[in-house]
Amino acid sequence: MTLAQEIKTPQEKKERVIFPSDDLYSDEAPLETELHLEQIMLFLKCLKWLWQDRNDFYAAANLTIYYSRNKRKDEYFRGPDFFVVLNTERKIRKSWTVWEEEGKYPNFILEILSESTAKNDRGLKKELYQDTFRTPDYFWFDPYTSEFTGFHLVDGKYEPLEANEKEHLWSQQLGLYLGIEQGLLRFFTPEGKLVPTPEEKAARLAAKLRELNIDPDTI
């Protein structure tokens with residue numbers, strides 16, 4: 001099974017397939033480790049499942065964002081590990097090309113730290129997302145050390161977020177908490193409930209049916 005097949009949900013099949021007129025493909029390197037891949041797949045599956053009835057957002061992982069004012073592919077570009085753009089059309093894209101998207105930049109960005117990227121994620125990328133992208137919510141997470149930090153843009157500068165009693169950080173843009181669960185970063189509802197994957201949701205439903213002596217396979 002391919003990555004695209006594994007993360008696809010029924011709602012995603014309805015997404016429109018429209019590519020930028022200048023046909024800019026994403027040009028990102030492969031993810032560094034299996035754990036990095038698992039984390040990104042987890043975020044994509046959970047958010048798209050939670051927002052399966054919404055068509056006003058775009059969520060992507062390891063996809064190039066082209067943002068040159070001169071509309072040049074080779075001038076300014078960056079590929080966040082995971083990002084979400086709000087108030088846009090939900091459709092399949094080859095890349096996120098700012099000048100083809102009404103000048104929109106991500107509302108939310110997550111970078112997954114590694115030995116080779118951590119310095120840039122904490123420094124140059126943070127500055128870029130603050131000063132150029134003006135992305136309101138920026139988070140980073142290291143799945144090997146559990147380093148987890150979040151920022152919200154206040155008066156043009158990133159202010160660190162304070163964790164709640166569960167050590168979760170609030171994303172104002174997504175309206176969700178982020179927190180570590182069994183070694184990986186997960187989404188939590190405003191009430192603090194874990195946002196499940198489609199597989200977890202199905203398993204819970206099957207368990208409830210068995211409690212009622214109903215065979216899930218007969219439904």
# chains A, B, ... in the order shown; residues from 1 in each chain; ligands from 1
$ select_by_dssp --residues "segment 93-127 of chain A" --states "strand (DSSP E)" --output "PyMOL selection string"
chain A and resi 96-97+108-112
$ write_last_selection --atoms "C-alpha atoms" --output "CSV table (one decimal), in the first residue's frame"
chain,number,residue,atom,x,y,z
A,96,TRP,CA,1.5,25.5,-2.4
A,97,THR,CA,2.3,28.5,-4.7
A,108,PHE,CA,-0.3,26.6,11.2
A,109,ILE,CA,3.1,25.0,10.8
A,110,LEU,CA,4.7,22.1,12.5
A,111,GLU,CA,8.4,21.2,12.1
A,112,ILE,CA,9.6,17.8,13.2
$ select_by_dssp --residues "segment 33-182 of chain A" --states "alpha helix (DSSP H)" --output "CSV table (one decimal) with C-alpha atoms, in the first residue's frame"
chain,number,residue,atom,x,y,z
A,34,GLU,CA,10.3,6.1,9.7
A,35,LEU,CA,9.2,7.9,12.9
A,36,HIS,CA,9.1,11.2,11.1
A,37,LEU,CA,6.9,9.6,8.5
A,38,GLU,CA,4.6,8.1,11.1
A,39,GLN,CA,4.2,11.4,12.8
A,40,ILE,CA,3.2,13.2,9.7
A,41,MET,CA,0.8,10.5,8.6
A,42,LEU,CA,-0.8,10.6,12.0
A,43,PHE,CA,-1.4,14.4,11.8
A,44,LEU,CA,-2.8,14.2,8.3
A,45,LYS,CA,-5.1,11.3,9.1
A,46,CYS,CA,-6.4,12.8,12.3
A,47,LEU,CA,-7.0,16.3,11.0
A,48,LYS,CA,-8.6,15.2,7.8
A,49,TRP,CA,-10.9,12.8,9.7
A,50,LEU,CA,-11.9,15.4,12.2
A,118,ALA,CA,16.9,21.3,14.5
A,119,LYS,CA,19.1,24.3,14.4
A,120,ASN,CA,17.3,25.8,11.4
A,121,ASP,CA,13.9,24.9,12.8
A,122,ARG,CA,14.6,26.8,16.0
A,124,LEU,CA,16.2,30.5,10.5
A,125,LYS,CA,12.8,28.9,9.9
A,126,LYS,CA,11.3,30.4,13.0
A,127,GLU,CA,12.4,33.8,11.8
A,128,LEU,CA,11.1,33.2,8.3
$ closest_residue --among "A:Arg186, A:Lys104, A:Lys71, A:Arg78" --to "Phe57 of chain A" --atoms "only C-alpha atoms"
A:Lys104
$ residues_around --residues "segment 157-159 of chain A" --least-positions-apart "4" --cutoff "8 Å" --atoms "only C-alpha atoms" --output "mmCIF file with N, CA and C atoms, in the first residue's frame"
data_model
loop_
_atom_site.group_PDB
_atom_site.id
_atom_site.type_symbol
_atom_site.label_atom_id
_atom_site.label_comp_id
_atom_site.auth_asym_id
_atom_site.auth_seq_id
_atom_site.Cartn_x
_atom_site.Cartn_y
_atom_site.Cartn_z
ATOM 1 N N GLN A 130 7.903 33.798 11.132
ATOM 2 C CA GLN A 130 7.459 34.968 11.880
ATOM 3 C C GLN A 130 7.411 36.224 11.003
ATOM 4 N N ASP A 131 8.484 36.483 10.288
ATOM 5 C CA ASP A 131 8.643 37.765 9.601
ATOM 6 C C ASP A 131 8.120 37.784 8.166
ATOM 7 N N PHE A 151 4.512 28.370 19.535
ATOM 8 C CA PHE A 151 4.517 29.829 19.561
ATOM 9 C C PHE A 151 3.258 30.366 18.887
ATOM 10 N N HIS A 152 2.837 31.548 19.327
ATOM 11 C CA HIS A 152 1.734 32.256 18.674
ATOM 12 C C HIS A 152 2.203 33.668 18.366
ATOM 13 N N LEU A 153 1.832 34.153 17.198
ATOM 14 C CA LEU A 153 2.268 35.472 16.755
ATOM 15 C C LEU A 153 1.480 36.557 17.476
#
$ closest_residue --among "A:Arg90, A:Lys208, A:Lys193, A:Arg134" --to "Gln52 of chain A" --atoms "only C-alpha atoms"
A:Arg90
$ closest_residue --among "A:Thr33, A:Asn107, A:Thr117, A:Ser68" --to "Tyr129 of chain A" --atoms "only C-alpha atoms"
A:Asn107
